[in-house]
There are 4 protein chains.
Amino acid sequence: MKDEDFIRGAVPMTKREVRQIALERLDLAQAQVMVDVGAGTGSVAVEAACRYPALKVAAIERNAEALDLIRRNCDKFRLGRVQVVEGVAPLPLPLPFAGQADAVFVGGSGGNLQQIILWAGDLLAPGGRLVINLILLENLNEALKSLTLRGFSRPDCIQIQVSSLARLGNGHYFKPNNPAFILSCQKEKV
Amino acid sequence: MKDEDFIRGAVPMTKREVRQIALERLDLAQAQVMVDVGAGTGSVAVEAACRYPALKVAAIERNAEALDLIRRNCDKFRLGRVQVVEGVAPLPLPLPFAGQADAVFVGGSGGNLQQIILWAGDLLAPGGRLVINLILLENLNEALKSLTLRGFSRPDCIQIQVSSLARLGNGHYFKPNNPAFILSCQKEKV
Amino acid sequence: MKDEDFIRGAVPMTKREVRQIALERLDLAQAQVMVDVGAGTGSVAVEAACRYPALKVAAIERNAEALDLIRRNCDKFRLGRVQVVEGVAPLPLPLPFAGQADAVFVGGSGGNLQQIILWAGDLLAPGGRLVINLILLENLNEALKSLTLRGFSRPDCIQIQVSSLARLGNGHYFKPNNPAFILSCQKEKV
Amino acid sequence: MKDEDFIRGAVPMTKREVRQIALERLDLAQAQVMVDVGAGTGSVAVEAACRYPALKVAAIERNAEALDLIRRNCDKFRLGRVQVVEGVAPLPLPLPFAGQADAVFVGGSGGNLQQIILWAGDLLAPGGRLVINLILLENLNEALKSLTLRGFSRPDCIQIQVSSLARLGNGHYFKPNNPAFILSCQKEKV
């Protein structure tokens, strides 16, 4: 889905290309339950729910404007399956999200990344996927360190730099997005 | 799907991240027919067919080693819906590929990019998507020029640079993939 | 020199890292005469003149605000050796710039890149260096094409993407500059 | 100077573009004394000494093949002013390097980056520049942390990705160098 397909405000958004890479790493084809942490405009939760018609999604967000955007995007795409959760992760989630999640996506961590990773380990069923998108170097380091502490597989980590050909004067230049880091790993199977 | 999921030889392959971005731009959720031009190992054709169980795919390739890889990958993922076409595009395709394609992906052009773009315009139904992945600057220019000649929408074009965190000595560095260009556009609706 | 060392307005500026790469490719250690085309704030002309105390520099610029900035930067660094030329390149230059230039830098071309390249071939003495910094894809193509028409060596061409670690919230992210292309070549020796 | 200007073996080398950016940040125009740590082929030491005819340089290296390359490059460019020091940094340096250095460049750290940074703080005169080039994420973090412990100014840090247009088949693609990080800071003036 294009970024313009979503109702957007001043809230940061996981960009289209990063979203596709993250969605594939979440490996949702056989999944039943996904949690989107720091859902922002809800773009990852919404695109996941649109793509997989049986997927149950919890979208956690603390910012009031963002919560409103998520709800409006769910309405726009008629997604009753996305449960919007107001609050700061980590927080208690009802079943089937707690302990049975097939996939957790972290798009925003609000300074709690280590705790979120530990908690994601509790949310996920064995073999479940954790995918983290971030731009802060401090968060990259915290994620890499925390993922080795907890029972996750060795994370795969990429840096991605996307530039879009955009008009400037009589020509076109490659307008850069912020470089992003995407980490992904799997909770170990028992 | 991971690059390691595919049987690979010495044939160039559209890399995992580029594949995800291309697949989304092909917009296959409602599609019935897709053509993969210069299919290489068949990774785009195979991942598309795996993701969309009703999709019919034609994978065109001229290289004998690549053709064998495509067939072996189709066998591996039990994809009878992928029709492997030996030859050099542009070439005649049977129905439902000719004139009714919902999406055309060009992963390799063998120096015929302009002709392939013109021909893709014939393959595609109105509103169909054309996505081109390339790394050569000459091909980027030829594609941008040819897409404006023919009845396509103004192409969206990105450059993407992915680096993977890889071990080196006692640490990890970001090992770069080749920067790739991805163009996408739509055949105009009547 | 840092970008902040220069008096700057709303005029585009060749950024610090690109400037260093360009200055080295201009190979000014033994040079006596350099021309800066589309000098903008004058950063390349000024840093070259500061680094090489015997270098004579002509800085060509058409924009009134930019001309004022160049003059103020020359004053700031007490560079009487930089001759500010108001006008649109190509234009006639007096001796020793015409036909005896050791190096020509093109930082802005105002849509005349092909003509500027032909004219640079006239300005340069045999063995002289031409370095072009640009961000527009159209200019990259025009430069690559024009440089092969005229008696220049095969150009070396790089793409450079610099990101600066910058504060964001409680952390730091890599804030991207626009990706730039730098071409350099030499006028053939007789 | 071009990378091909140096006699090279299998030893890693600070690439041309990174070298230019580093040399400028070392701010050697008024400098008398510079130390190159982990000098590799000696490219930074040699280009610095070539550019500044009064500069005294110590090039520290532990690898036998690299030491030989440094010596051969110094011979090639007739640089008696470069003192080649065999050993592992940190190590004792004679005057005028100890405590009077205007600039320290770290191109290789052999796992001792924190100690090297502390020691560089001793080598440098007040106001002296420390520039570190690295590709390992672990070293980036160690450098950023160590530089804040010791009396250095807040470091400036960039990531740079250079790709060179290179022939491939009938066209040209942008062949990527490894992305590098360059940190620079100043020892505080008393």
# chains A, B, ... in the order shown; residues from 1 in each chain; ligands from 1

$ residues_around --residues "segment 175-184 of chain B" --least-positions-apart "5" --cutoff "6 Å" --atoms "only C-alpha atoms" --output "MDAnalysis selection string"
chainID B and resid 130:135 155:164

$ write_last_selection --atoms "C-alpha atoms" --output "PDB file, in the first residue's frame"
ATOM      1  CA  LEU B 130       4.700  -2.586 -14.781  1.00  0.00           C
ATOM      2  CA  VAL B 131       7.582  -2.825 -12.296  1.00  0.00           C
ATOM      3  CA  ILE B 132      11.196  -2.805 -13.432  1.00  0.00           C
ATOM      4  CA  ASN B 133      14.210  -3.588 -11.281  1.00  0.00           C
ATOM      5  CA  LEU B 134      17.616  -2.671 -12.647  1.00  0.00           C
ATOM      6  CA  ILE B 135      21.097  -1.679 -11.604  1.00  0.00           C
ATOM      7  CA  PRO B 155       6.691   6.262 -13.246  1.00  0.00           C
ATOM      8  CA  ASP B 156       7.622   6.256  -9.628  1.00  0.00           C
ATOM      9  CA  CYS B 157      11.354   5.609  -9.276  1.00  0.00           C
ATOM     10  CA  ILE B 158      13.414   4.860  -6.218  1.00  0.00           C
ATOM     11  CA  GLN B 159      17.003   4.014  -5.564  1.00  0.00           C
ATOM     12  CA  ILE B 160      17.513   1.529  -2.774  1.00  0.00           C
ATOM     13  CA  GLN B 161      20.725   0.702  -0.975  1.00  0.00           C
ATOM     14  CA  VAL B 162      20.572  -2.196   1.467  1.00  0.00           C
ATOM     15  CA  SER B 163      23.495  -3.207   3.674  1.00  0.00           C
ATOM     16  CA  SER B 164      23.489  -6.251   5.950  1.00  0.00           C
TER      17      SER B 164
END

$ select_by_dssp --residues "chain B" --states "strand (DSSP E)" --output "PyMOL selection string"
chain B and resi 33-37+56-61+82-86+101-106+124-134+156-168+171-176+180-186

$ calpha_fit_and_write --fixed "chain B" --moving "chain C" --output "tab-separated table (two decimals) with C-alpha atoms, in the first residue's frame"
chain	number	residue	atom	x	y	z
C	1	MET	CA	10.92	-15.43	1.42
C	2	LYS	CA	14.60	-15.51	2.21
C	3	ASP	CA	17.13	-15.66	-0.61
C	4	GLU	CA	18.37	-18.93	0.88
C	5	ASP	CA	14.91	-20.45	0.40
C	6	PHE	CA	15.57	-20.56	-3.33
C	7	ILE	CA	17.79	-23.01	-5.16
C	8	ARG	CA	20.48	-20.75	-6.54
C	9	GLY	CA	23.30	-21.07	-9.00
C	10	ALA	CA	25.61	-18.49	-10.56
C	11	VAL	CA	22.56	-16.67	-11.94
C	12	PRO	CA	21.87	-13.09	-10.69
C	13	MET	CA	18.93	-12.89	-8.30
C	14	THR	CA	16.56	-10.10	-7.32
C	15	LYS	CA	17.44	-9.75	-3.65
C	16	ARG	CA	14.97	-10.28	-0.84
C	17	GLU	CA	14.34	-6.64	0.05
C	18	VAL	CA	14.03	-5.49	-3.55
C	19	ARG	CA	11.69	-8.42	-4.20
C	20	GLN	CA	9.34	-7.34	-1.41
C	21	ILE	CA	9.22	-3.77	-2.68
C	22	ALA	CA	8.62	-4.96	-6.23
C	23	LEU	CA	5.91	-7.45	-5.24
C	24	GLU	CA	3.96	-4.78	-3.40
C	25	ARG	CA	4.20	-2.40	-6.37
C	26	LEU	CA	2.92	-5.17	-8.64
C	27	ASP	CA	-0.23	-5.06	-6.48
C	28	LEU	CA	-1.12	-8.71	-6.94
C	29	ALA	CA	-3.88	-9.16	-4.35
C	30	GLN	CA	-6.66	-9.02	-6.96
C	31	ALA	CA	-4.49	-10.06	-9.89
C	32	GLN	CA	-5.01	-13.19	-11.96
C	33	VAL	CA	-2.12	-13.04	-14.40
C	34	MET	CA	1.49	-11.93	-14.04
C	35	VAL	CA	4.52	-12.07	-16.33
C	36	ASP	CA	8.10	-12.19	-15.01
C	37	VAL	CA	10.60	-11.10	-17.67
C	38	GLY	CA	14.21	-12.17	-17.28
C	39	ALA	CA	13.19	-14.37	-14.39
C	40	GLY	CA	16.70	-15.47	-13.41
C	41	THR	CA	16.33	-17.96	-10.56
C	42	GLY	CA	12.61	-17.34	-10.64
C	43	SER	CA	12.54	-15.77	-7.20
C	44	VAL	CA	9.97	-13.09	-8.03
C	45	ALA	CA	7.72	-15.46	-9.99
C	46	VAL	CA	7.92	-18.09	-7.27
C	47	GLU	CA	7.34	-15.76	-4.33
C	48	ALA	CA	4.40	-14.16	-6.15
C	49	ALA	CA	2.87	-17.55	-6.89
C	50	CYS	CA	3.41	-18.74	-3.31
C	51	ARG	CA	1.80	-15.62	-1.89
C	52	TYR	CA	-1.22	-15.60	-4.24
C	53	PRO	CA	-2.64	-19.10	-4.72
C	54	ALA	CA	-4.80	-18.24	-7.71
C	55	LEU	CA	-2.18	-16.27	-9.64
C	56	LYS	CA	-1.08	-17.55	-13.05
C	57	VAL	CA	2.53	-16.68	-13.78
C	58	ALA	CA	4.66	-16.80	-16.92
C	59	ALA	CA	8.41	-16.72	-16.23
C	60	ILE	CA	10.46	-15.83	-19.30
C	61	GLU	CA	14.16	-16.60	-19.38
C	62	ARG	CA	16.76	-17.28	-22.06
C	63	ASN	CA	19.65	-18.70	-20.03
C	64	ALA	CA	19.74	-22.49	-19.81
C	65	GLU	CA	21.13	-22.64	-16.28
C	66	ALA	CA	18.55	-20.14	-15.09
C	67	LEU	CA	15.72	-22.05	-16.76
C	68	ASP	CA	16.77	-25.14	-14.88
C	69	LEU	CA	16.83	-23.21	-11.59
C	70	ILE	CA	13.36	-21.78	-12.19
C	71	ARG	CA	11.98	-25.24	-12.88
C	72	ARG	CA	13.66	-26.65	-9.78
C	73	ASN	CA	12.33	-23.81	-7.63
C	74	CYS	CA	8.82	-24.34	-9.00
C	75	ASP	CA	9.12	-28.00	-8.11
C	76	LYS	CA	10.42	-27.20	-4.66
C	77	PHE	CA	7.39	-25.02	-3.92
C	78	ARG	CA	4.96	-27.21	-5.92
C	79	LEU	CA	3.94	-24.42	-8.25
C	80	GLY	CA	2.29	-25.88	-11.33
C	81	ARG	CA	0.83	-22.43	-11.97
C	82	VAL	CA	4.18	-21.01	-13.06
C	83	GLN	CA	4.65	-21.48	-16.79
C	84	VAL	CA	8.33	-21.41	-17.70
C	85	VAL	CA	8.90	-19.82	-21.12
C	86	GLU	CA	12.26	-20.29	-22.82
C	87	GLY	CA	13.24	-17.40	-25.04
C	88	VAL	CA	14.21	-13.77	-25.38
C	89	ALA	CA	11.61	-11.11	-24.63
C	90	PRO	CA	9.77	-9.62	-26.44
C	91	LEU	CA	8.19	-12.84	-27.66
C	92	PRO	CA	4.65	-14.03	-28.33
C	93	LEU	CA	2.80	-15.27	-25.25
C	94	PRO	CA	-0.40	-17.31	-25.25
C	95	LEU	CA	-3.59	-16.26	-23.52
C	96	PRO	CA	-4.22	-15.25	-20.76
C	97	PHE	CA	-0.83	-13.55	-20.69
C	98	ALA	CA	-1.17	-11.53	-23.90
C	99	GLY	CA	-3.29	-8.45	-23.37
C	100	GLN	CA	-4.78	-9.63	-20.09
C	101	ALA	CA	-1.83	-9.40	-17.72
C	102	ASP	CA	-2.48	-7.60	-14.47
C	103	ALA	CA	1.20	-7.14	-13.77
C	104	VAL	CA	4.55	-7.39	-15.53
C	105	PHE	CA	7.84	-7.54	-13.66
C	106	VAL	CA	11.10	-6.96	-15.48
C	107	GLY	CA	14.08	-8.27	-13.56
C	108	GLY	CA	16.38	-8.64	-16.54
C	109	SER	CA	16.19	-7.13	-19.99
C	110	GLY	CA	19.20	-8.41	-21.91
C	111	GLY	CA	19.70	-5.09	-23.69
C	112	ASN	CA	16.12	-4.97	-25.02
C	113	LEU	CA	14.58	-2.75	-22.39
C	114	GLN	CA	12.88	-0.31	-24.72
C	115	GLN	CA	11.27	-3.09	-26.75
C	116	ILE	CA	10.30	-4.94	-23.58
C	117	ILE	CA	8.56	-1.84	-22.25
C	118	LEU	CA	6.62	-1.36	-25.49
C	119	TRP	CA	5.67	-5.02	-25.48
C	120	ALA	CA	4.70	-4.90	-21.79
C	121	GLY	CA	2.26	-2.19	-22.79
C	122	ASP	CA	0.63	-4.75	-25.10
C	123	LEU	CA	0.64	-7.56	-22.54
C	124	LEU	CA	-1.00	-5.49	-19.82
C	125	ALA	CA	-4.70	-4.94	-19.43
C	126	PRO	CA	-5.68	-1.31	-18.81
C	127	GLY	CA	-4.72	-0.37	-15.25
C	128	GLY	CA	-2.07	-3.12	-15.16
C	129	ARG	CA	1.20	-2.56	-13.34
C	130	LEU	CA	4.70	-2.59	-14.77
C	131	VAL	CA	7.58	-2.83	-12.29
C	132	ILE	CA	11.21	-2.80	-13.43
C	133	ASN	CA	14.21	-3.60	-11.28
C	134	LEU	CA	17.62	-2.67	-12.65
C	135	ILE	CA	21.10	-1.68	-11.62
C	136	LEU	CA	22.57	-0.26	-14.85
C	137	LEU	CA	22.46	3.51	-15.28
C	138	GLU	CA	21.92	3.06	-19.02
C	139	ASN	CA	18.85	0.92	-18.35
C	140	LEU	CA	17.49	3.44	-15.87
C	141	ASN	CA	17.65	6.13	-18.53
C	142	GLU	CA	16.20	3.95	-21.24
C	143	ALA	CA	13.34	2.92	-18.97
C	144	LEU	CA	12.54	6.47	-17.89
C	145	LYS	CA	12.52	7.59	-21.52
C	146	SER	CA	10.51	4.67	-22.87
C	147	LEU	CA	7.88	4.86	-20.15
C	148	THR	CA	7.02	8.40	-21.12
C	149	LEU	CA	6.63	7.47	-24.80
C	150	ARG	CA	4.05	4.79	-24.20
C	151	GLY	CA	0.68	5.05	-22.48
C	152	PHE	CA	1.94	4.56	-18.94
C	153	SER	CA	1.40	6.74	-15.93
C	154	ARG	CA	4.36	8.84	-14.80
C	155	PRO	CA	6.71	6.27	-13.25
C	156	ASP	CA	7.62	6.27	-9.63
C	157	CYS	CA	11.36	5.62	-9.29
C	158	ILE	CA	13.42	4.87	-6.22
C	159	GLN	CA	17.00	4.03	-5.58
C	160	ILE	CA	17.52	1.53	-2.78
C	161	GLN	CA	20.73	0.70	-0.98
C	162	VAL	CA	20.57	-2.18	1.47
C	163	SER	CA	23.48	-3.19	3.68
C	164	SER	CA	23.48	-6.24	5.96
C	165	LEU	CA	25.20	-6.34	9.30
C	166	ALA	CA	27.83	-9.03	8.80
C	167	ARG	CA	30.61	-10.40	10.94
C	168	LEU	CA	34.15	-9.11	10.30
C	169	GLY	CA	36.92	-10.05	12.70
C	170	ASN	CA	35.59	-9.44	16.21
C	171	GLY	CA	32.79	-7.17	15.12
C	172	HIS	CA	30.17	-6.44	12.49
C	173	TYR	CA	30.05	-4.07	9.53
C	174	PHE	CA	27.32	-3.16	7.08
C	175	LYS	CA	28.08	-5.17	3.97
C	176	PRO	CA	26.54	-3.36	1.00
C	177	ASN	CA	24.36	-4.86	-1.72
C	178	ASN	CA	24.52	-3.21	-5.11
C	179	PRO	CA	22.32	-0.12	-5.21
C	180	ALA	CA	19.23	-0.89	-7.27
C	181	PHE	CA	16.65	1.21	-9.05
C	182	ILE	CA	12.98	0.22	-8.97
C	183	LEU	CA	10.56	1.84	-11.39
C	184	SER	CA	6.86	1.30	-11.34
C	185	CYS	CA	3.92	2.61	-13.28
C	186	GLN	CA	0.50	1.70	-14.48
C	187	LYS	CA	-0.91	1.23	-17.95
C	188	GLU	CA	-3.49	3.91	-18.40
C	189	LYS	CA	-7.10	2.90	-17.96
C	190	VAL	CA	-9.20	3.48	-21.02

$ select_by_dssp --residues "segment 88-174 of chain B" --states "alpha helix (DSSP H)" --output "JSON, numbers by chain"
{"B": [113, 114, 115, 116, 117, 118, 119, 120, 121, 122, 123, 137, 138, 139, 140, 141, 142, 143, 144, 145, 146, 147, 148, 149]}

$ decode --residues "segment 100-117 of chain A" --atoms "N, CA, C and O atoms" --output "PDB file, in the first residue's frame"
ATOM      1  N   GLN A 100       0.588 -16.010  22.685  1.00  0.00           N
ATOM      2  CA  GLN A 100       0.199 -16.763  21.496  1.00  0.00           C
ATOM      3  C   GLN A 100       0.447 -15.985  20.202  1.00  0.00           C
ATOM      4  O   GLN A 100       0.005 -16.399  19.127  1.00  0.00           O
ATOM      5  N   ALA A 101       1.158 -14.887  20.315  1.00  0.00           N
ATOM      6  CA  ALA A 101       1.385 -14.075  19.120  1.00  0.00           C
ATOM      7  C   ALA A 101       2.339 -14.793  18.166  1.00  0.00           C
ATOM      8  O   ALA A 101       3.332 -15.389  18.579  1.00  0.00           O
ATOM      9  N   ASP A 102       1.989 -14.735  16.907  1.00  0.00           N
ATOM     10  CA  ASP A 102       2.874 -15.280  15.877  1.00  0.00           C
ATOM     11  C   ASP A 102       3.932 -14.258  15.476  1.00  0.00           C
ATOM     12  O   ASP A 102       5.000 -14.635  14.988  1.00  0.00           O
ATOM     13  N   ALA A 103       3.630 -12.990  15.659  1.00  0.00           N
ATOM     14  CA  ALA A 103       4.533 -11.951  15.173  1.00  0.00           C
ATOM     15  C   ALA A 103       4.336 -10.673  15.978  1.00  0.00           C
ATOM     16  O   ALA A 103       3.204 -10.314  16.314  1.00  0.00           O
ATOM     17  N   VAL A 104       5.443 -10.025  16.294  1.00  0.00           N
ATOM     18  CA  VAL A 104       5.419  -8.718  16.948  1.00  0.00           C
ATOM     19  C   VAL A 104       6.248  -7.757  16.112  1.00  0.00           C
ATOM     20  O   VAL A 104       7.403  -8.052  15.772  1.00  0.00           O
ATOM     21  N   PHE A 105       5.654  -6.627  15.780  1.00  0.00           N
ATOM     22  CA  PHE A 105       6.385  -5.573  15.082  1.00  0.00           C
ATOM     23  C   PHE A 105       6.544  -4.389  16.020  1.00  0.00           C
ATOM     24  O   PHE A 105       5.574  -3.957  16.647  1.00  0.00           O
ATOM     25  N   VAL A 106       7.762  -3.874  16.111  1.00  0.00           N
ATOM     26  CA  VAL A 106       8.021  -2.686  16.923  1.00  0.00           C
ATOM     27  C   VAL A 106       8.413  -1.545  15.991  1.00  0.00           C
ATOM     28  O   VAL A 106       9.496  -1.544  15.399  1.00  0.00           O
ATOM     29  N   GLY A 107       7.522  -0.589  15.861  1.00  0.00           N
ATOM     30  CA  GLY A 107       7.776   0.556  15.004  1.00  0.00           C
ATOM     31  C   GLY A 107       8.147   1.798  15.801  1.00  0.00           C
ATOM     32  O   GLY A 107       8.716   2.740  15.279  1.00  0.00           O
ATOM     33  N   GLY A 108       7.837   1.749  17.099  1.00  0.00           N
ATOM     34  CA  GLY A 108       8.187   2.846  17.994  1.00  0.00           C
ATOM     35  C   GLY A 108       8.313   2.283  19.386  1.00  0.00           C
ATOM     36  O   GLY A 108       7.547   1.391  19.771  1.00  0.00           O
ATOM     37  N   SER A 109       9.281   2.791  20.146  1.00  0.00           N
ATOM     38  CA  SER A 109       9.558   2.166  21.444  1.00  0.00           C
ATOM     39  C   SER A 109       9.536   3.146  22.605  1.00  0.00           C
ATOM     40  O   SER A 109       9.601   2.735  23.763  1.00  0.00           O
ATOM     41  N   GLY A 110       9.461   4.429  22.310  1.00  0.00           N
ATOM     42  CA  GLY A 110       9.355   5.429  23.370  1.00  0.00           C
ATOM     43  C   GLY A 110      10.380   5.298  24.478  1.00  0.00           C
ATOM     44  O   GLY A 110      10.097   5.585  25.639  1.00  0.00           O
ATOM     45  N   GLY A 111      11.580   4.850  24.151  1.00  0.00           N
ATOM     46  CA  GLY A 111      12.633   4.774  25.156  1.00  0.00           C
ATOM     47  C   GLY A 111      12.604   3.506  25.995  1.00  0.00           C
ATOM     48  O   GLY A 111      13.422   3.342  26.895  1.00  0.00           O
ATOM     49  N   ASN A 112      11.670   2.586  25.689  1.00  0.00           N
ATOM     50  CA  ASN A 112      11.542   1.347  26.477  1.00  0.00           C
ATOM     51  C   ASN A 112      11.951   0.121  25.685  1.00  0.00           C
ATOM     52  O   ASN A 112      11.397  -0.957  25.882  1.00  0.00           O
ATOM     53  N   LEU A 113      12.902   0.256  24.799  1.00  0.00           N
ATOM     54  CA  LEU A 113      13.130  -0.834  23.850  1.00  0.00           C
ATOM     55  C   LEU A 113      13.537  -2.135  24.535  1.00  0.00           C
ATOM     56  O   LEU A 113      13.047  -3.214  24.189  1.00  0.00           O
ATOM     57  N   GLN A 114      14.417  -2.038  25.523  1.00  0.00           N
ATOM     58  CA  GLN A 114      14.853  -3.270  26.190  1.00  0.00           C
ATOM     59  C   GLN A 114      13.668  -3.994  26.841  1.00  0.00           C
ATOM     60  O   GLN A 114      13.491  -5.203  26.664  1.00  0.00           O
ATOM     61  N   GLN A 115      12.844  -3.233  27.556  1.00  0.00           N
ATOM     62  CA  GLN A 115      11.683  -3.850  28.204  1.00  0.00           C
ATOM     63  C   GLN A 115      10.695  -4.395  27.165  1.00  0.00           C
ATOM     64  O   GLN A 115      10.081  -5.439  27.372  1.00  0.00           O
ATOM     65  N   ILE A 116      10.561  -3.676  26.068  1.00  0.00           N
ATOM     66  CA  ILE A 116       9.638  -4.136  25.024  1.00  0.00           C
ATOM     67  C   ILE A 116      10.123  -5.457  24.431  1.00  0.00           C
ATOM     68  O   ILE A 116       9.334  -6.364  24.156  1.00  0.00           O
ATOM     69  N   ILE A 117      11.436  -5.571  24.255  1.00  0.00           N
ATOM     70  CA  ILE A 117      11.973  -6.817  23.689  1.00  0.00           C
ATOM     71  C   ILE A 117      11.752  -7.984  24.656  1.00  0.00           C
ATOM     72  O   ILE A 117      11.342  -9.082  24.248  1.00  0.00           O
TER      73      ILE A 117
END
